[in-house]
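See below for my_file-v2.pdb, which holds PDB, C-alpha atoms and all ligand atoms.
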ATOM      1  CA  MET K   1     150.155-204.488  75.357
ATOM      2  CA  TRP K   2     153.121-206.856  74.885
ATOM      3  CA  ALA K   3     154.547-204.602  72.187
ATOM      4  CA  VAL K   4     154.641-201.650  74.592
ATOM      5  CA  PHE K   5     156.290-203.773  77.268
ATOM      6  CA  VAL K   6     158.913-205.171  74.872
ATOM      7  CA  LEU K   7     159.694-201.711  73.476
ATOM      8  CA  ALA K   8     160.010-200.245  76.981
ATOM      9  CA  LEU K   9     162.269-203.117  78.031
ATOM     10  CA  MET K  10     164.437-202.716  74.915
ATOM     11  CA  GLY K  11     164.675-198.956  75.485
ATOM     12  CA  GLY K  12     165.719-199.485  79.077
ATOM     13  CA  LEU K  13     168.330-202.091  78.196
ATOM     14  CA  LEU K  14     169.754-199.997  75.366
ATOM     15  CA  GLY K  15     169.887-196.969  77.664
ATOM     16  CA  LEU K  16     171.782-198.941  80.291
ATOM     17  CA  GLY K  17     174.138-200.262  77.599
ATOM     18  CA  LEU K  18     174.838-196.760  76.333
ATOM     19  CA  ALA K  19     175.427-195.437  79.854
ATOM     20  CA  TYR K  20     177.842-198.292  80.576
ATOM     21  CA  ALA K  21     179.687-197.779  77.268
ATOM     22  CA  ALA K  22     179.959-194.028  77.855
ATOM     23  CA  ASP K  23     181.462-194.674  81.288
ATOM     24  CA  LEU K  24     183.798-197.381  79.958
ATOM     25  CA  LEU K  25     185.032-195.408  76.949
ATOM     26  CA  LYS K  26     185.351-191.937  78.445
ATOM     27  CA  VAL K  27     188.688-190.223  78.004
ATOM     28  CA  GLU K  28     190.113-188.481  81.036
ATOM     29  CA  ALA K  29     191.529-185.097  80.103
ATOM     30  CA  ASP K  30     194.679-183.891  81.827
ATOM     31  CA  PRO K  31     193.404-181.393  84.428
ATOM     32  CA  ARG K  32     196.484-179.245  83.818
ATOM     33  CA  ILE K  33     195.056-178.275  80.412
ATOM     34  CA  GLU K  34     192.243-176.422  82.149
ATOM     35  CA  GLY K  35     194.716-174.980  84.658
ATOM     36  CA  VAL K  36     196.834-173.529  81.859
ATOM     37  CA  ARG K  37     193.800-172.373  79.865
ATOM     38  CA  GLU K  38     192.552-170.401  82.875
ATOM     39  CA  ARG K  39     195.859-168.510  82.917
ATOM     40  CA  LEU K  40     195.752-167.549  79.227
ATOM     41  CA  PRO K  41     194.067-164.304  78.104
ATOM     42  CA  GLY K  42     191.012-166.237  76.911
ATOM     43  CA  TYR K  43     190.347-164.318  73.691
ATOM     44  CA  ASP K  44     190.238-167.458  71.523
ATOM     45  CA  CYS K  45     191.690-165.292  68.761
ATOM     46  CA  GLY K  46     193.908-167.920  67.120
ATOM     47  CA  ALA K  47     196.951-165.620  66.938
ATOM     48  CA  CYS K  48     199.013-168.457  68.437
ATOM     49  CA  SER K  49     198.175-170.547  65.330
ATOM     50  CA  TYR K  50     196.004-172.857  67.402
ATOM     51  CA  PRO K  51     192.220-172.849  67.046
ATOM     52  CA  GLY K  52     191.737-171.336  70.487
ATOM     53  CA  CYS K  53     193.061-171.035  74.011
ATOM     54  CA  SER K  54     192.053-174.592  74.954
ATOM     55  CA  ALA K  55     193.997-176.063  72.029
ATOM     56  CA  PHE K  56     197.005-173.883  72.885
ATOM     57  CA  ALA K  57     196.812-174.972  76.528
ATOM     58  CA  GLU K  58     196.649-178.619  75.462
ATOM     59  CA  ALA K  59     199.698-178.156  73.230
ATOM     60  CA  ILE K  60     201.596-176.560  76.127
ATOM     61  CA  VAL K  61     200.782-179.434  78.473
ATOM     62  CA  GLU K  62     201.730-181.978  75.801
ATOM     63  CA  GLY K  63     205.100-180.227  75.369
ATOM     64  CA  ASP K  64     204.471-179.102  71.787
ATOM     65  CA  VAL K  65     204.791-175.395  72.605
ATOM     66  CA  LYS K  66     208.200-174.108  73.626
ATOM     67  CA  ASP K  67     207.532-170.349  73.621
ATOM     68  CA  LEU K  68     204.594-168.778  75.442
ATOM     69  CA  LYS K  69     205.026-165.579  73.432
ATOM     70  CA  LEU K  70     203.206-167.359  70.596
ATOM     71  CA  CYS K  71     200.174-166.089  72.491
ATOM     72  CA  LYS K  72     200.389-162.527  71.186
ATOM     73  CA  PRO K  73     197.751-160.970  73.473
ATOM     74  CA  GLY K  74     199.468-162.511  76.498
ATOM     75  CA  ASN K  75     201.841-160.582  78.713
ATOM     76  CA  ASN K  76     204.312-161.398  81.465
ATOM     77  CA  THR K  77     201.503-161.744  84.000
ATOM     78  CA  HIS K  78     200.030-164.592  81.938
ATOM     79  CA  TYR K  79     203.383-166.167  81.106
ATOM     80  CA  ASP K  80     204.641-166.055  84.712
ATOM     81  CA  ALA K  81     201.397-167.568  85.994
ATOM     82  CA  ILE K  82     201.630-170.431  83.494
ATOM     83  CA  VAL K  83     205.284-171.157  84.245
ATOM     84  CA  ASP K  84     204.568-171.114  87.994
ATOM     85  CA  TYR K  85     201.573-173.397  87.495
ATOM     86  CA  LEU K  86     203.602-175.857  85.405
ATOM     87  CA  ASN K  87     206.387-175.831  87.996
ATOM     88  CA  ASP K  88     203.846-176.746  90.665
ATOM     89  CA  ASN K  89     202.094-179.368  88.515
ATOM     90  CA  ARG K  90     204.707-181.667  87.045
ATOM     91  CA  ASN K  91     204.306-184.715  84.839
ATOM     92  CA  PRO K  92     203.463-188.017  86.566
ATOM     93  CA  ASP K  93     207.134-189.093  86.236
ATOM     94  CA  GLY K  94     208.243-185.908  88.035
ATOM     95  CA  SER K  95     209.639-184.216  84.931
ATOM     96  CA  LYS K  96     208.809-180.597  84.302
ATOM     97  CA  ILE K  97     207.161-179.056  81.246
ATOM     98  CA  THR K  98     209.554-176.342  80.151
ATOM     99  CA  VAL K  99     208.350-173.364  78.167
ATOM    100  CA  LYS K 100     210.100-170.116  77.384
ATOM    101  CA  LYS K 101     208.425-166.832  78.239
TER
HETATM  102  S1  LIG R 201     196.854-166.257  70.964
HETATM  103 FE1  LIG R 201     196.486-166.433  73.172
HETATM  104  S2  LIG R 201     194.449-165.534  73.468
HETATM  105 FE2  LIG R 201     194.643-165.998  71.289
HETATM  106  S3  LIG R 201     193.817-168.086  71.045
HETATM  107 FE3  LIG R 201     196.004-168.308  71.339
HETATM  108  S4  LIG R 201     196.231-168.639  73.530
HETATM  109 FE4  LIG R 201     194.178-167.758  73.234
END

Written as structure tokens, how would this file's structure read?
Ligand code: SF4
Amino acid sequence: MWAVFVLALMGGLLGLGLAYAADLLKVEADPRIEGVRERLPGYDCGACSYPGCSAFAEAIVEGDVKDLKLCKPGNNTHYDAIVDYLNDNRNPDGSKITVKK
């Protein structure tokens, strides 16, 4: 009977510890990455040389991509939407992410 109680108590404590650690160590993603990803074609084809649209969107937001035409399936509708979105959603210091279209 004591063994069951001790195991249940240990399980509960370890569960609480894991939940606390997950909350403490979570990494907040920049919400603009999702905003840019939503404006990409969404084919996940890799033609941009990134493993998918999410990785390309992250690279754009981090300023590693200077030319949106790297996304070959994209067109001016996509590029204009991304540039407009980035103009409306600047960096925390007020600077703008500049990309060519
Ligand atoms: S080329 Fe465009 S559609 Fe293809 S993975 Fe890259 S961002 Fe997505």

| query | Skipping near chain neighbours, those fewer than 5 positions away, what residues fall within 10 Å of Arg37 in chain K using only C-alpha atoms, listed as a PyMOL selection string? | reply | chain K and resi 32+42+52-58+60+82

| Spatial sel., origin (201.9, -168.1, 72.2), limit 8 Å, all atoms listed in the file, listed as a ChimeraX atom specification | /K:47-48,56,65,67-72,74

| task | For CA of Asp84 in chain K and CA of Ile33 in chain K, determine how far apart the two atoms are, in Å to one decimal place. | result | 14.1 Å

| Using all atoms listed in the file: which of K:Leu14, K:Cys45, K:Leu9, K:Leu24 has the shortest distance to ligand LIG 201 (chain R) |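 Among the listed residues, K:Cys45 lies closest to ligand LIG 201 (chain R).
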
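Distance annotation: of K:Pro31, K:Thr77, K:Asp64, K:Tyr50, the residue with the minimal separation from Arg90 in chain K is K:Pro31; atom set is only C-alpha atoms.
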
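Distances from K:Glu38, K:Asp80, K:Asp44, K:Glu62 to ligand LIG 201 (chain R) were compared using all atoms listed in the file, and the smallest one belongs to K:Asp44.
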
| What gap, in Å, lies between atom S4 of ligand LIG 201 (chain R) and CA of His78 in chain K? |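 Atom-to-atom, atom S4 of ligand LIG 201 (chain R) and CA of His78 in chain K are spaced 10.1 Å apart.
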
Listed atoms of ligand LIG 201 (chain R) boxed axis-aligned with 5 Å per side, centre + edges as lines of an AutoDock Vina configuration file:
center_x = 195.3
center_y = -167.1
center_z = 72.2
size_x = 13.0
size_y = 13.1
size_z = 12.6

| request: Could you check how far atom S3 of ligand LIG 201 (chain R) sits from CA of Thr98 in chain K, in Å to one decimal? | output: 20.0 Å

Closest pair table for range 9-68 of chain K residues within 12 Å of range 2-5 of chain K, all atoms listed in the file, as a tab-separated table:
residue	atom	partner	partner_atom	distance
K:Leu9	CA	K:Phe5	CA	6.1
K:Met10	CA	K:Phe5	CA	8.5
K:Gly11	CA	K:Phe5	CA	9.8
K:Gly12	CA	K:Phe5	CA	10.5

Using the selection just defined, write its residues with C-alpha atoms as a PDB file, in the coordinates of the input.
ATOM      1  CA  LEU K   9     162.269-203.117  78.031  1.00  0.00           C
ATOM      2  CA  MET K  10     164.437-202.716  74.915  1.00  0.00           C
ATOM      3  CA  GLY K  11     164.675-198.956  75.485  1.00  0.00           C
ATOM      4  CA  GLY K  12     165.719-199.485  79.077  1.00  0.00           C
TER       5      GLY K  12
END
